[in-house]
Every structure is written in C-alpha cells, then in structure tokens.
$ cat my_file.cif   # mmCIF, C-alpha atoms and all ligand atoms
data_input
loop_
_atom_site.label_atom_id
_atom_site.label_comp_id
_atom_site.auth_asym_id
_atom_site.auth_seq_id
_atom_site.Cartn_x
_atom_site.Cartn_y
_atom_site.Cartn_z
CA MET A 13 1.88 -7.93 27.83
CA ALA A 14 5.62 -8.64 28.21
CA ALA A 15 4.92 -11.70 30.34
CA ARG A 16 2.51 -13.01 27.73
CA SER A 17 5.02 -12.73 24.91
CA ALA A 18 7.85 -14.20 27.00
CA GLU A 19 5.73 -17.33 27.37
CA LEU A 20 5.32 -17.60 23.61
CA PRO A 21 8.07 -19.89 22.30
CA GLN A 22 6.96 -19.17 18.74
CA GLY A 23 7.42 -15.38 18.95
CA GLU A 24 9.47 -13.88 16.16
CA ARG A 25 13.15 -13.11 16.63
CA LEU A 26 13.62 -9.43 17.33
CA GLN A 27 16.32 -8.94 14.69
CA LYS A 28 14.02 -10.44 12.04
CA VAL A 29 11.13 -8.18 13.07
CA LEU A 30 13.41 -5.13 12.79
CA ALA A 31 14.88 -6.23 9.46
CA VAL A 32 11.44 -6.83 7.90
CA ARG A 33 10.49 -3.28 8.87
CA GLY A 34 13.51 -1.93 7.06
CA TRP A 35 15.89 -1.10 9.90
CA GLY A 36 18.77 -2.85 8.13
CA SER A 37 20.05 -6.37 7.55
CA ARG A 38 19.59 -8.91 10.34
CA ARG A 39 23.28 -8.50 11.18
CA VAL A 40 22.88 -4.73 11.51
CA CYS A 41 19.77 -5.25 13.64
CA GLU A 42 21.62 -7.71 15.89
CA ASP A 43 24.29 -5.07 16.42
CA MET A 44 21.61 -2.51 17.35
CA ILE A 45 20.18 -4.94 19.90
CA ALA A 46 23.65 -5.74 21.30
CA ALA A 47 24.32 -2.01 21.60
CA GLY A 48 21.25 -1.66 23.83
CA ARG A 49 19.39 0.61 21.38
CA VAL A 50 16.28 -1.58 21.18
CA THR A 51 13.59 -1.79 23.86
CA VAL A 52 10.64 -4.14 24.18
CA ASN A 53 7.82 -2.79 26.32
CA GLY A 54 10.20 -0.18 27.70
CA GLN A 55 12.96 -2.62 28.68
CA VAL A 56 16.30 -2.92 26.89
CA ALA A 57 16.21 -6.09 24.81
CA VAL A 58 18.92 -8.71 24.76
CA LEU A 59 20.06 -10.75 21.77
CA GLY A 60 17.90 -13.80 21.26
CA ARG A 61 14.74 -12.01 22.43
CA ARG A 62 11.57 -13.10 20.70
CA VAL A 63 8.58 -10.80 20.42
CA ASP A 64 4.89 -11.04 19.74
CA VAL A 65 4.47 -8.41 17.02
CA GLU A 66 0.77 -8.05 17.86
CA ALA A 67 1.25 -7.39 21.56
CA ASP A 68 4.74 -6.03 22.20
CA SER A 69 5.81 -2.44 21.78
CA VAL A 70 9.27 -2.29 20.18
CA GLU A 71 11.35 0.88 19.90
CA VAL A 72 14.76 1.74 18.43
CA ASP A 73 16.40 4.75 20.10
CA GLY A 74 12.97 5.56 21.51
CA VAL A 75 11.29 5.52 18.06
CA PRO A 76 8.48 2.97 17.54
CA ILE A 77 9.62 0.55 14.86
CA GLY A 78 6.55 1.16 12.69
CA THR A 79 8.35 4.16 11.25
CA LYS A 80 11.97 4.79 10.43
CA PRO A 81 13.33 8.22 11.36
CA GLY A 82 13.14 10.77 8.53
CA LEU A 83 10.66 8.76 6.52
CA VAL A 84 7.21 10.13 5.71
CA TYR A 85 4.17 8.41 4.29
CA TYR A 86 1.24 10.39 2.89
CA LEU A 87 -2.12 9.11 1.73
CA LEU A 88 -3.62 11.46 -0.87
CA ASN A 89 -7.07 11.43 -2.40
CA LYS A 90 -6.01 12.41 -5.92
CA PRO A 91 -8.55 14.56 -7.72
CA GLU A 92 -9.26 14.16 -11.42
CA GLY A 93 -6.99 16.31 -13.62
CA VAL A 94 -3.89 16.01 -11.43
CA VAL A 95 -0.96 14.03 -12.84
CA THR A 96 0.94 11.36 -10.92
CA THR A 97 4.46 12.53 -11.75
CA ALA A 98 6.99 14.76 -10.06
CA HIS A 99 7.15 17.13 -13.07
CA ASP A 100 4.74 17.53 -15.94
CA PRO A 101 6.17 18.97 -19.18
CA GLN A 102 2.64 20.19 -20.06
CA GLY A 103 2.45 22.21 -16.84
CA ARG A 104 -0.55 20.40 -15.37
CA PRO A 105 -0.88 20.21 -11.57
CA THR A 106 1.01 17.29 -10.05
CA VAL A 107 0.41 15.19 -6.95
CA VAL A 108 3.70 16.25 -5.35
CA GLN A 109 2.52 19.90 -5.40
CA ILE A 110 -0.35 18.96 -3.09
CA VAL A 111 1.76 17.49 -0.26
CA PRO A 112 4.62 19.20 1.67
CA ALA A 113 7.68 19.94 -0.53
CA GLU A 114 10.15 18.77 2.15
CA PRO A 115 11.14 16.06 2.59
CA ARG A 116 10.78 15.27 -1.06
CA VAL A 117 8.39 12.38 -1.70
CA TYR A 118 7.46 10.30 -4.71
CA PRO A 119 4.22 8.61 -5.71
CA VAL A 120 4.06 4.83 -5.37
CA GLY A 121 2.71 3.57 -8.68
CA ARG A 122 0.44 5.83 -10.66
CA LEU A 123 -3.13 6.76 -11.35
CA ASP A 124 -4.19 8.09 -14.74
CA VAL A 125 -4.83 11.82 -14.93
CA GLY A 126 -8.56 11.07 -15.16
CA THR A 127 -8.58 8.62 -12.23
CA GLU A 128 -9.43 9.74 -8.69
CA GLY A 129 -8.73 8.18 -5.34
CA LEU A 130 -6.07 6.90 -3.01
CA LEU A 131 -2.41 7.37 -3.82
CA LEU A 132 0.54 6.77 -1.53
CA LEU A 133 3.51 9.16 -1.56
CA THR A 134 6.68 8.49 0.41
CA ASN A 135 10.44 8.99 0.60
CA ASP A 136 10.82 5.34 1.71
CA GLY A 137 12.31 4.08 -1.54
CA ASP A 138 12.67 0.56 -0.25
CA LEU A 139 8.99 0.20 0.62
CA ALA A 140 7.93 1.97 -2.58
CA HIS A 141 9.99 -0.44 -4.61
CA ARG A 142 8.55 -3.47 -2.84
CA LEU A 143 4.95 -2.22 -3.10
CA ALA A 144 5.30 -1.45 -6.79
CA HIS A 145 6.56 -4.95 -7.54
CA PRO A 146 3.66 -7.07 -8.85
CA SER A 147 5.06 -10.23 -7.24
CA HIS A 148 4.11 -8.83 -3.82
CA GLY A 149 0.51 -8.82 -4.97
CA VAL A 150 -0.69 -5.84 -2.95
CA GLU A 151 -4.35 -5.50 -3.86
CA LYS A 152 -5.80 -2.32 -5.31
CA GLU A 153 -9.54 -1.88 -5.26
CA TYR A 154 -11.42 0.39 -7.67
CA LEU A 155 -14.97 1.56 -8.17
CA ALA A 156 -15.66 1.97 -11.87
CA GLU A 157 -18.72 3.65 -13.32
CA VAL A 158 -19.09 2.08 -16.73
CA SER A 159 -21.29 2.49 -19.78
CA GLY A 160 -24.31 0.24 -19.71
CA SER A 161 -24.95 -2.45 -17.13
CA PRO A 162 -22.57 -5.43 -17.43
CA GLY A 163 -24.27 -8.82 -17.46
CA THR A 164 -23.06 -11.94 -15.72
CA GLY A 165 -20.99 -12.94 -18.79
CA ALA A 166 -19.01 -9.69 -18.78
CA VAL A 167 -18.49 -9.87 -15.00
CA ARG A 168 -17.30 -13.47 -15.31
CA ARG A 169 -14.81 -12.52 -18.04
CA LEU A 170 -13.41 -9.74 -15.89
CA ARG A 171 -13.09 -12.19 -12.99
CA ASP A 172 -11.45 -14.95 -15.01
CA GLY A 173 -9.03 -12.74 -16.93
CA VAL A 174 -9.31 -10.66 -20.08
CA GLU A 175 -7.05 -10.81 -23.12
CA LEU A 176 -5.39 -7.38 -23.50
CA ASP A 177 -2.76 -6.38 -26.06
CA ASP A 178 -0.05 -7.00 -23.42
CA GLY A 179 -1.43 -10.41 -22.44
CA MET A 180 -4.06 -11.99 -20.26
CA THR A 181 -4.99 -10.27 -16.99
CA ALA A 182 -4.77 -12.25 -13.75
CA PRO A 183 -8.04 -13.31 -12.10
CA ALA A 184 -9.73 -10.32 -10.43
CA LYS A 185 -12.37 -9.89 -7.74
CA VAL A 186 -15.37 -8.25 -9.39
CA SER A 187 -18.83 -7.38 -8.14
CA GLN A 188 -21.56 -4.99 -9.29
CA PRO A 189 -22.86 -3.14 -6.21
CA SER A 190 -25.36 -1.25 -8.38
CA PRO A 191 -26.19 -1.37 -12.10
CA GLY A 192 -23.33 0.17 -14.09
CA VAL A 193 -20.94 0.32 -11.12
CA LEU A 194 -18.22 -2.30 -10.80
CA ARG A 195 -16.04 -2.95 -7.77
CA ILE A 196 -12.81 -4.39 -9.18
CA THR A 197 -9.85 -5.62 -7.15
CA ILE A 198 -6.59 -6.39 -8.95
CA HIS A 199 -3.01 -6.91 -7.85
CA GLU A 200 -1.26 -6.23 -11.13
CA GLY A 201 -0.30 -2.68 -12.02
CA ARG A 202 -0.43 -2.51 -15.78
CA ASN A 203 -0.91 0.76 -17.59
CA ARG A 204 -4.63 1.80 -17.66
CA GLN A 205 -5.47 -1.75 -16.68
CA VAL A 206 -8.98 -1.30 -15.28
CA ARG A 207 -10.01 0.95 -18.16
CA ARG A 208 -8.69 -1.53 -20.72
CA MET A 209 -10.33 -4.50 -18.95
CA CYS A 210 -13.73 -2.82 -18.91
CA GLU A 211 -13.40 -1.69 -22.50
CA ALA A 212 -12.47 -5.25 -23.55
CA VAL A 213 -15.79 -6.55 -22.21
CA GLY A 214 -17.77 -3.79 -23.93
CA HIS A 215 -18.34 -1.44 -20.98
CA PRO A 216 -15.93 1.53 -21.17
CA VAL A 217 -15.17 3.35 -17.92
CA GLN A 218 -16.85 6.72 -17.36
CA ARG A 219 -15.37 7.38 -13.94
CA LEU A 220 -12.70 5.51 -11.98
CA VAL A 221 -11.89 5.85 -8.27
CA ARG A 222 -9.31 3.85 -6.30
CA VAL A 223 -10.75 3.11 -2.88
CA ARG A 224 -8.12 0.80 -1.36
CA ILE A 225 -4.39 0.10 -1.56
CA GLY A 226 -3.61 -3.13 0.31
CA PRO A 227 -4.66 -2.44 3.90
CA LEU A 228 -5.25 1.31 3.32
CA ARG A 229 -8.75 2.76 2.98
CA ASP A 230 -10.13 6.18 3.89
CA ALA A 231 -13.66 7.10 2.92
CA GLN A 232 -13.38 10.38 4.91
CA LEU A 233 -10.49 11.84 2.90
CA SER A 234 -11.99 14.31 0.43
CA PRO A 235 -10.58 14.86 -3.09
CA GLY A 236 -7.39 16.93 -2.88
CA ALA A 237 -6.90 16.15 0.83
CA TRP A 238 -4.00 14.17 2.25
CA ARG A 239 -2.88 12.88 5.63
CA GLU A 240 0.05 11.03 7.15
CA LEU A 241 -0.31 7.30 7.63
CA THR A 242 -0.59 6.12 11.21
CA GLN A 243 2.16 3.87 12.55
CA ALA A 244 -0.24 0.93 12.46
CA GLU A 245 -0.91 1.63 8.77
CA VAL A 246 2.81 1.83 7.95
CA ARG A 247 3.39 -1.44 9.78
CA SER A 248 0.51 -3.09 7.98
CA LEU A 249 1.72 -1.82 4.62
CA VAL A 250 5.23 -3.13 5.25
CA GLU A 251 3.74 -6.49 6.16
CA SER A 252 1.57 -6.59 3.06
CA ALA A 253 4.58 -5.72 0.87
CA ALA A 254 6.31 -8.69 2.51
CA GLY A 255 3.37 -10.91 1.54
CA ASP A 256 1.50 -10.71 4.85
CA THR A 257 -2.05 -9.47 4.27
CA ARG A 258 -3.34 -9.35 7.85
CA PRO A 259 -5.56 -6.29 8.35
CA ILE A 260 -4.48 -3.25 10.37
CA ARG A 261 -4.61 -3.80 14.10
N1 LIG A 301 -6.42 1.25 -13.87
C1 LIG A 301 -6.66 2.24 -14.77
O1 LIG A 301 -7.19 1.98 -15.84
N2 LIG A 301 -6.33 3.49 -14.44
C2 LIG A 301 -5.79 3.84 -13.25
O2 LIG A 301 -5.51 5.01 -13.01
C3 LIG A 301 -5.54 2.79 -12.35
C4 LIG A 301 -5.87 1.52 -12.68
#
$ encode --input "my_file.cif" --output "structure tokens"
Amino acid sequence: MAARSAELPQGERLQKVLAVRGWGSRRVCEDMIAAGRVTVNGQVAVLGRRVDVEADSVEVDGVPIGTKPGLVYYLLNKPEGVVTTAHDPQGRPTVVQIVPAEPRVYPVGRLDVGTEGLLLLTNDGDLAHRLAHPSHGVEKEYLAEVSGSPGTGAVRRLRDGVELDDGMTAPAKVSQPSPGVLRITIHEGRNRQVRRMCEAVGHPVQRLVRVRIGPLRDAQLSPGAWRELTQAEVRSLVESAAGDTRPIR
C-alpha cells in the first residue's frame, strides 16, 4: 500500500489531510509531522509526504486520524415524542438523556418532536458547526407518509421548489416508492421544512422519518437505540461537510 501511494504524484499533502480532519491549522499539522508524531502505514512521516487517503493508514500519536482524541460521535434513532434539545422547560424526554451523559454531547441540527429517525450527537463543535451550515449542502433524506396520494404535479412542485412563508425551497429529490409515501431529499435545514413543503402541495405529513444524514444510514438501528460512528463514518462525514460527497469506504 505504501509503495502504491509513494508512486502517486497527485497524493494529497499530509498536513492538508490532517487539517481537513480537524487536527489544527496546516501550520500546526506541519509542526506535528516535523515532531515525528505522525505515521503513515506505521512509519514516521516526513514533511512533504503525500498520501493516498483511500489507501494509506495515517495516525497521530498512534490514533487513527478519522477521530480526534476525546471526541465522540453518536448516531441515534430518535423516537417520536423526544425533543431535540439539551433541556426542555416542559419536562419532556430529550435526546441527550438517551446517550451517555459524559462527555457532554449536543445534537447536530434538530428533528421535530413528532419526527423519528437518524440524529447525530457529538462534542465535536467544529464538525457540528460545519454540518449545520446549509452552504455545505449535506443531504438529509426523509420518508414521509402523507395524506392522500400525491400526483405527478405535486411531486414535480416538490422537486422544483415550493413557495413557503420564508421563501422558495431549493430543488429537492422526490420519489413516491408507494402511494402516499414520499422519499424526499433536501440539503437545507429550515424549520419544519418537509412538513411545510408537503402541506404546501396539499398532502400534509402523517408520519416523518429521517433515514439518511449525508453518508450515514442505518436501517438496523431501532427507535431509541444509538451507536458510535465507525472511524470510516466519521471520516466520510468530515469529507461531506467539506463538500466531498464520496460514499463511505
Ligand atoms: N423537516 C420537518 O418538517 N421536520 C423535521 O423534523 C425535519 C425536517
């Protein structure tokens, strides 16, 4: 593997790869390399090293670069009735009560109390901030059970963009896998967006489930269950927040 990447003149500079994954500025990452803290395929890297991010195994102080020390990433299947806040003045159950209390984590974005499905919680504020920013365009995919059976006109309107009270929605991917069930993929994160879009075309949502966040899916995770992301998932998420939408390897 190392030989293969060494032959690749277009490999990425090691300090850039580290910086993109949140290990510090490029300057800080250069200093880490110069200090001998970074290995590539088990060998201490030198400044100027290029790596093939798909093939090479990179570690800082023996920690794979997919995860920074002390940071945790949980994927929760939020059940209906649980609120996506750290504290609820009305005393309803919250998503942070479902996952471990320490280290303290925060939800990335939010799902309505009535919405089910995948929610990311982390103490990686930098990644959370980047994922929540609409300009990064991380896709979120939903399955919506709606009233009635939308016709081609309604589906086309959802696809093209719907006029809501806070402006036009961006084009969405929309299909109808079975009558009355819409699969809707958006990359904006407006308040109650999917519900308002469906209502605007005359088919109010009866049930809403988020089934994908960028590269993250998990059909096996039951409602109320959570798990840690794998290193490959963290890496893929970081890449998608940086505008790279390649699937998880
Ligand atoms: N769109 C909604 O309408 N509700 C959610 O919880 C998420 C997206």
$ closest_residue --input "my_file.cif" --among "A:Arg247, A:Arg116, A:His141, A:Arg222" --to "Lys90 of chain A" --atoms "only C-alpha atoms"
A:Arg222
$ residues_near_ligand --input "my_file.cif" --ligand "ligand LIG 301 (chain A)" --cutoff "6 Å" --atoms "all atoms listed in the file" --output "PDB file with C-alpha atoms, in the coordinates of the input"
ATOM      1  CA  LEU A 123      -3.130   6.760 -11.350  1.00  0.00           C
ATOM      2  CA  ASP A 124      -4.190   8.090 -14.740  1.00  0.00           C
ATOM      3  CA  THR A 127      -8.580   8.620 -12.230  1.00  0.00           C
ATOM      4  CA  ARG A 204      -4.630   1.800 -17.660  1.00  0.00           C
ATOM      5  CA  GLN A 205      -5.470  -1.750 -16.680  1.00  0.00           C
ATOM      6  CA  VAL A 206      -8.980  -1.300 -15.280  1.00  0.00           C
ATOM      7  CA  ARG A 207     -10.010   0.950 -18.160  1.00  0.00           C
TER       8      ARG A 207
END
$ residues_around --input "my_file.cif" --residues "Val84 of chain A" --least-positions-apart "4" --cutoff "8 Å" --atoms "only C-alpha atoms" --output "ChimeraX atom specification"
/A:115,117,134-136,240
$ write_last_selection --input "my_file.cif" --atoms "C-alpha atoms" --output "JSON list (two decimals), in the coordinates of the input"
[["chain", "number", "residue", "atom", "x", "y", "z"],
["A", 115, "PRO", "CA", 11.14, 16.06, 2.59],
["A", 117, "VAL", "CA", 8.39, 12.38, -1.70],
["A", 134, "THR", "CA", 6.68, 8.49, 0.41],
["A", 135, "ASN", "CA", 10.44, 8.99, 0.60],
["A", 136, "ASP", "CA", 10.82, 5.34, 1.71],
["A", 240, "GLU", "CA", 0.05, 11.03, 7.15]]
$ closest_atom_pairs --input "my_file.cif" --of "segment 108-186 of chain A" --to "segment 23-37 of chain A" --cutoff "12 Å" --atoms "all atoms listed in the file" --output "JSON lines"
{"residue": "A:Asp136", "atom": "CA", "partner": "A:Gly34", "partner_atom": "CA", "distance": 9.4}
{"residue": "A:Gly137", "atom": "CA", "partner": "A:Gly34", "partner_atom": "CA", "distance": 10.6}
{"residue": "A:Asp138", "atom": "CA", "partner": "A:Gly34", "partner_atom": "CA", "distance": 7.8}
{"residue": "A:Leu139", "atom": "CA", "partner": "A:Gly34", "partner_atom": "CA", "distance": 8.2}
{"residue": "A:Ala140", "atom": "CA", "partner": "A:Gly34", "partner_atom": "CA", "distance": 11.8}
{"residue": "A:Arg142", "atom": "CA", "partner": "A:Gly34", "partner_atom": "CA", "distance": 11.2}
$ atom_distance --input "my_file.cif" --atom1 "atom CA of Lys185 of chain A" --atom2 "atom CA of Gly226 of chain A"
13.7 Å
$ atom_distance --input "my_file.cif" --atom1 "atom CA of Arg224 of chain A" --atom2 "atom CA of Leu155 of chain A"
9.7 Å
$ atom_distance --input "my_file.cif" --atom1 "atom CA of Val186 of chain A" --atom2 "atom CA of Glu200 of chain A"
14.4 Å
$ residues_around --input "my_file.cif" --residues "Ala212 of chain A" --least-positions-apart "5" --cutoff "8 Å" --atoms "all atoms listed in the file" --output "mmCIF file with C-alpha atoms, keeping the file's coordinate frame"
data_model
loop_
_atom_site.group_PDB
_atom_site.id
_atom_site.type_symbol
_atom_site.label_atom_id
_atom_site.label_comp_id
_atom_site.auth_asym_id
_atom_site.auth_seq_id
_atom_site.Cartn_x
_atom_site.Cartn_y
_atom_site.Cartn_z
ATOM 1 C CA VAL A 174 -9.310 -10.660 -20.080
ATOM 2 C CA GLU A 175 -7.050 -10.810 -23.120
ATOM 3 C CA LEU A 176 -5.390 -7.380 -23.500
#
$ residues_around --input "my_file.cif" --residues "segment 128-133 of chain A" --least-positions-apart "4" --cutoff "9 Å" --atoms "only C-alpha atoms" --output "PyMOL selection string"
chain A and resi 84-94+96+107-108+111+117-124+140+154+219-225+228-230+233+235
$ write_last_selection --input "my_file.cif" --atoms "C-alpha atoms" --output "JSON list (two decimals), keeping the file's coordinate frame"
[["chain", "number", "residue", "atom", "x", "y", "z"],
["A", 84, "VAL", "CA", 7.21, 10.13, 5.71],
["A", 85, "TYR", "CA", 4.17, 8.41, 4.29],
["A", 86, "TYR", "CA", 1.24, 10.39, 2.89],
["A", 87, "LEU", "CA", -2.12, 9.11, 1.73],
["A", 88, "LEU", "CA", -3.62, 11.46, -0.87],
["A", 89, "ASN", "CA", -7.07, 11.43, -2.40],
["A", 90, "LYS", "CA", -6.01, 12.41, -5.92],
["A", 91, "PRO", "CA", -8.55, 14.56, -7.72],
["A", 92, "GLU", "CA", -9.26, 14.16, -11.42],
["A", 93, "GLY", "CA", -6.99, 16.31, -13.62],
["A", 94, "VAL", "CA", -3.89, 16.01, -11.43],
["A", 96, "THR", "CA", 0.94, 11.36, -10.92],
["A", 107, "VAL", "CA", 0.41, 15.19, -6.95],
["A", 108, "VAL", "CA", 3.70, 16.25, -5.35],
["A", 111, "VAL", "CA", 1.76, 17.49, -0.26],
["A", 117, "VAL", "CA", 8.39, 12.38, -1.70],
["A", 118, "TYR", "CA", 7.46, 10.30, -4.71],
["A", 119, "PRO", "CA", 4.22, 8.61, -5.71],
["A", 120, "VAL", "CA", 4.06, 4.83, -5.37],
["A", 121, "GLY", "CA", 2.71, 3.57, -8.68],
["A", 122, "ARG", "CA", 0.44, 5.83, -10.66],
["A", 123, "LEU", "CA", -3.13, 6.76, -11.35],
["A", 124, "ASP", "CA", -4.19, 8.09, -14.74],
["A", 140, "ALA", "CA", 7.93, 1.97, -2.58],
["A", 154, "TYR", "CA", -11.42, 0.39, -7.67],
["A", 219, "ARG", "CA", -15.37, 7.38, -13.94],
["A", 220, "LEU", "CA", -12.70, 5.51, -11.98],
["A", 221, "VAL", "CA", -11.89, 5.85, -8.27],
["A", 222, "ARG", "CA", -9.31, 3.85, -6.30],
["A", 223, "VAL", "CA", -10.75, 3.11, -2.88],
["A", 224, "ARG", "CA", -8.12, 0.80, -1.36],
["A", 225, "ILE", "CA", -4.39, 0.10, -1.56],
["A", 228, "LEU", "CA", -5.25, 1.31, 3.32],
["A", 229, "ARG", "CA", -8.75, 2.76, 2.98],
["A", 230, "ASP", "CA", -10.13, 6.18, 3.89],
["A", 233, "LEU", "CA", -10.49, 11.84, 2.90],
["A", 235, "PRO", "CA", -10.58, 14.86, -3.09]]
$ closest_residue --input "my_file.cif" --among "A:Arg208, A:Val125, A:Leu249, A:Thr181" --to "Pro105 of chain A" --atoms "all atoms listed in the file"
A:Val125
$ decode --input "my_file.cif" --residues "segment 242-252 of chain A" --atoms "all heavy atoms" --output "PDB file, in the first residue's frame"
ATOM      1  N   THR A 242     -18.503   4.624  13.216  1.00  0.00           N
ATOM      2  CA  THR A 242     -17.211   4.000  12.946  1.00  0.00           C
ATOM      3  C   THR A 242     -16.238   5.094  12.479  1.00  0.00           C
ATOM      4  O   THR A 242     -16.672   6.193  12.085  1.00  0.00           O
ATOM      5  CB  THR A 242     -17.326   2.950  11.833  1.00  0.00           C
ATOM      6  OG1 THR A 242     -17.687   3.633  10.614  1.00  0.00           O
ATOM      7  CG2 THR A 242     -18.392   1.905  12.148  1.00  0.00           C
ATOM      8  N   GLN A 243     -14.960   4.766  12.490  1.00  0.00           N
ATOM      9  CA  GLN A 243     -13.980   5.762  12.022  1.00  0.00           C
ATOM     10  C   GLN A 243     -14.219   6.114  10.564  1.00  0.00           C
ATOM     11  O   GLN A 243     -14.054   7.259  10.150  1.00  0.00           O
ATOM     12  CB  GLN A 243     -12.574   5.225  12.218  1.00  0.00           C
ATOM     13  CG  GLN A 243     -12.166   5.330  13.671  1.00  0.00           C
ATOM     14  CD  GLN A 243     -10.784   4.813  13.923  1.00  0.00           C
ATOM     15  OE1 GLN A 243     -10.066   4.493  12.974  1.00  0.00           O
ATOM     16  NE2 GLN A 243     -10.418   4.719  15.165  1.00  0.00           N
ATOM     17  N   ALA A 244     -14.600   5.103   9.774  1.00  0.00           N
ATOM     18  CA  ALA A 244     -14.861   5.374   8.350  1.00  0.00           C
ATOM     19  C   ALA A 244     -16.037   6.339   8.201  1.00  0.00           C
ATOM     20  O   ALA A 244     -16.033   7.219   7.340  1.00  0.00           O
ATOM     21  CB  ALA A 244     -15.152   4.070   7.616  1.00  0.00           C
ATOM     22  N   GLU A 245     -17.052   6.202   9.072  1.00  0.00           N
ATOM     23  CA  GLU A 245     -18.204   7.103   9.001  1.00  0.00           C
ATOM     24  C   GLU A 245     -17.807   8.534   9.402  1.00  0.00           C
ATOM     25  O   GLU A 245     -18.249   9.495   8.774  1.00  0.00           O
ATOM     26  CB  GLU A 245     -19.324   6.591   9.911  1.00  0.00           C
ATOM     27  CG  GLU A 245     -20.051   5.386   9.333  1.00  0.00           C
ATOM     28  CD  GLU A 245     -21.067   4.802  10.297  1.00  0.00           C
ATOM     29  OE1 GLU A 245     -20.824   4.824  11.533  1.00  0.00           O
ATOM     30  OE2 GLU A 245     -22.094   4.305   9.838  1.00  0.00           O
ATOM     31  N   VAL A 246     -16.977   8.642  10.448  1.00  0.00           N
ATOM     32  CA  VAL A 246     -16.548   9.986  10.872  1.00  0.00           C
ATOM     33  C   VAL A 246     -15.782  10.648   9.729  1.00  0.00           C
ATOM     34  O   VAL A 246     -16.017  11.814   9.376  1.00  0.00           O
ATOM     35  CB  VAL A 246     -15.681   9.930  12.145  1.00  0.00           C
ATOM     36  CG1 VAL A 246     -15.139  11.314  12.485  1.00  0.00           C
ATOM     37  CG2 VAL A 246     -16.476   9.381  13.316  1.00  0.00           C
ATOM     38  N   ARG A 247     -14.895   9.863   9.125  1.00  0.00           N
ATOM     39  CA  ARG A 247     -14.068  10.396   8.032  1.00  0.00           C
ATOM     40  C   ARG A 247     -14.973  10.854   6.878  1.00  0.00           C
ATOM     41  O   ARG A 247     -14.805  11.923   6.314  1.00  0.00           O
ATOM     42  CB  ARG A 247     -13.121   9.292   7.573  1.00  0.00           C
ATOM     43  CG  ARG A 247     -11.896   9.813   6.882  1.00  0.00           C
ATOM     44  CD  ARG A 247     -10.862   8.728   6.745  1.00  0.00           C
ATOM     45  NE  ARG A 247     -11.358   7.571   6.033  1.00  0.00           N
ATOM     46  CZ  ARG A 247     -11.081   6.311   6.352  1.00  0.00           C
ATOM     47  NH1 ARG A 247     -10.340   6.044   7.396  1.00  0.00           N
ATOM     48  NH2 ARG A 247     -11.554   5.318   5.643  1.00  0.00           N
ATOM     49  N   SER A 248     -15.932  10.025   6.564  1.00  0.00           N
ATOM     50  CA  SER A 248     -16.823  10.337   5.452  1.00  0.00           C
ATOM     51  C   SER A 248     -17.671  11.576   5.742  1.00  0.00           C
ATOM     52  O   SER A 248     -17.912  12.403   4.861  1.00  0.00           O
ATOM     53  CB  SER A 248     -17.706   9.117   5.203  1.00  0.00           C
ATOM     54  OG  SER A 248     -18.371   9.235   4.013  1.00  0.00           O
ATOM     55  N   LEU A 249     -18.078  11.689   7.008  1.00  0.00           N
ATOM     56  CA  LEU A 249     -18.871  12.849   7.412  1.00  0.00           C
ATOM     57  C   LEU A 249     -18.047  14.134   7.314  1.00  0.00           C
ATOM     58  O   LEU A 249     -18.518  15.160   6.821  1.00  0.00           O
ATOM     59  CB  LEU A 249     -19.323  12.622   8.855  1.00  0.00           C
ATOM     60  CG  LEU A 249     -20.563  13.297   9.361  1.00  0.00           C
ATOM     61  CD1 LEU A 249     -21.759  13.014   8.466  1.00  0.00           C
ATOM     62  CD2 LEU A 249     -20.851  12.839  10.782  1.00  0.00           C
ATOM     63  N   VAL A 250     -16.808  14.050   7.787  1.00  0.00           N
ATOM     64  CA  VAL A 250     -15.915  15.217   7.709  1.00  0.00           C
ATOM     65  C   VAL A 250     -15.738  15.622   6.250  1.00  0.00           C
ATOM     66  O   VAL A 250     -15.797  16.801   5.902  1.00  0.00           O
ATOM     67  CB  VAL A 250     -14.553  14.893   8.364  1.00  0.00           C
ATOM     68  CG1 VAL A 250     -13.520  15.972   8.053  1.00  0.00           C
ATOM     69  CG2 VAL A 250     -14.713  14.728   9.867  1.00  0.00           C
ATOM     70  N   GLU A 251     -15.574  14.620   5.397  1.00  0.00           N
ATOM     71  CA  GLU A 251     -15.392  14.922   3.973  1.00  0.00           C
ATOM     72  C   GLU A 251     -16.654  15.528   3.383  1.00  0.00           C
ATOM     73  O   GLU A 251     -16.594  16.451   2.583  1.00  0.00           O
ATOM     74  CB  GLU A 251     -14.984  13.653   3.214  1.00  0.00           C
ATOM     75  CG  GLU A 251     -13.519  13.338   3.440  1.00  0.00           C
ATOM     76  CD  GLU A 251     -13.138  11.919   3.051  1.00  0.00           C
ATOM     77  OE1 GLU A 251     -14.020  11.176   2.592  1.00  0.00           O
ATOM     78  OE2 GLU A 251     -11.955  11.574   3.218  1.00  0.00           O
ATOM     79  N   SER A 252     -17.823  15.026   3.789  1.00  0.00           N
ATOM     80  CA  SER A 252     -19.042  15.588   3.198  1.00  0.00           C
ATOM     81  C   SER A 252     -19.279  17.004   3.717  1.00  0.00           C
ATOM     82  O   SER A 252     -19.788  17.848   2.981  1.00  0.00           O
ATOM     83  CB  SER A 252     -20.254  14.683   3.434  1.00  0.00           C
ATOM     84  OG  SER A 252     -20.515  14.554   4.784  1.00  0.00           O
TER      85      SER A 252
END
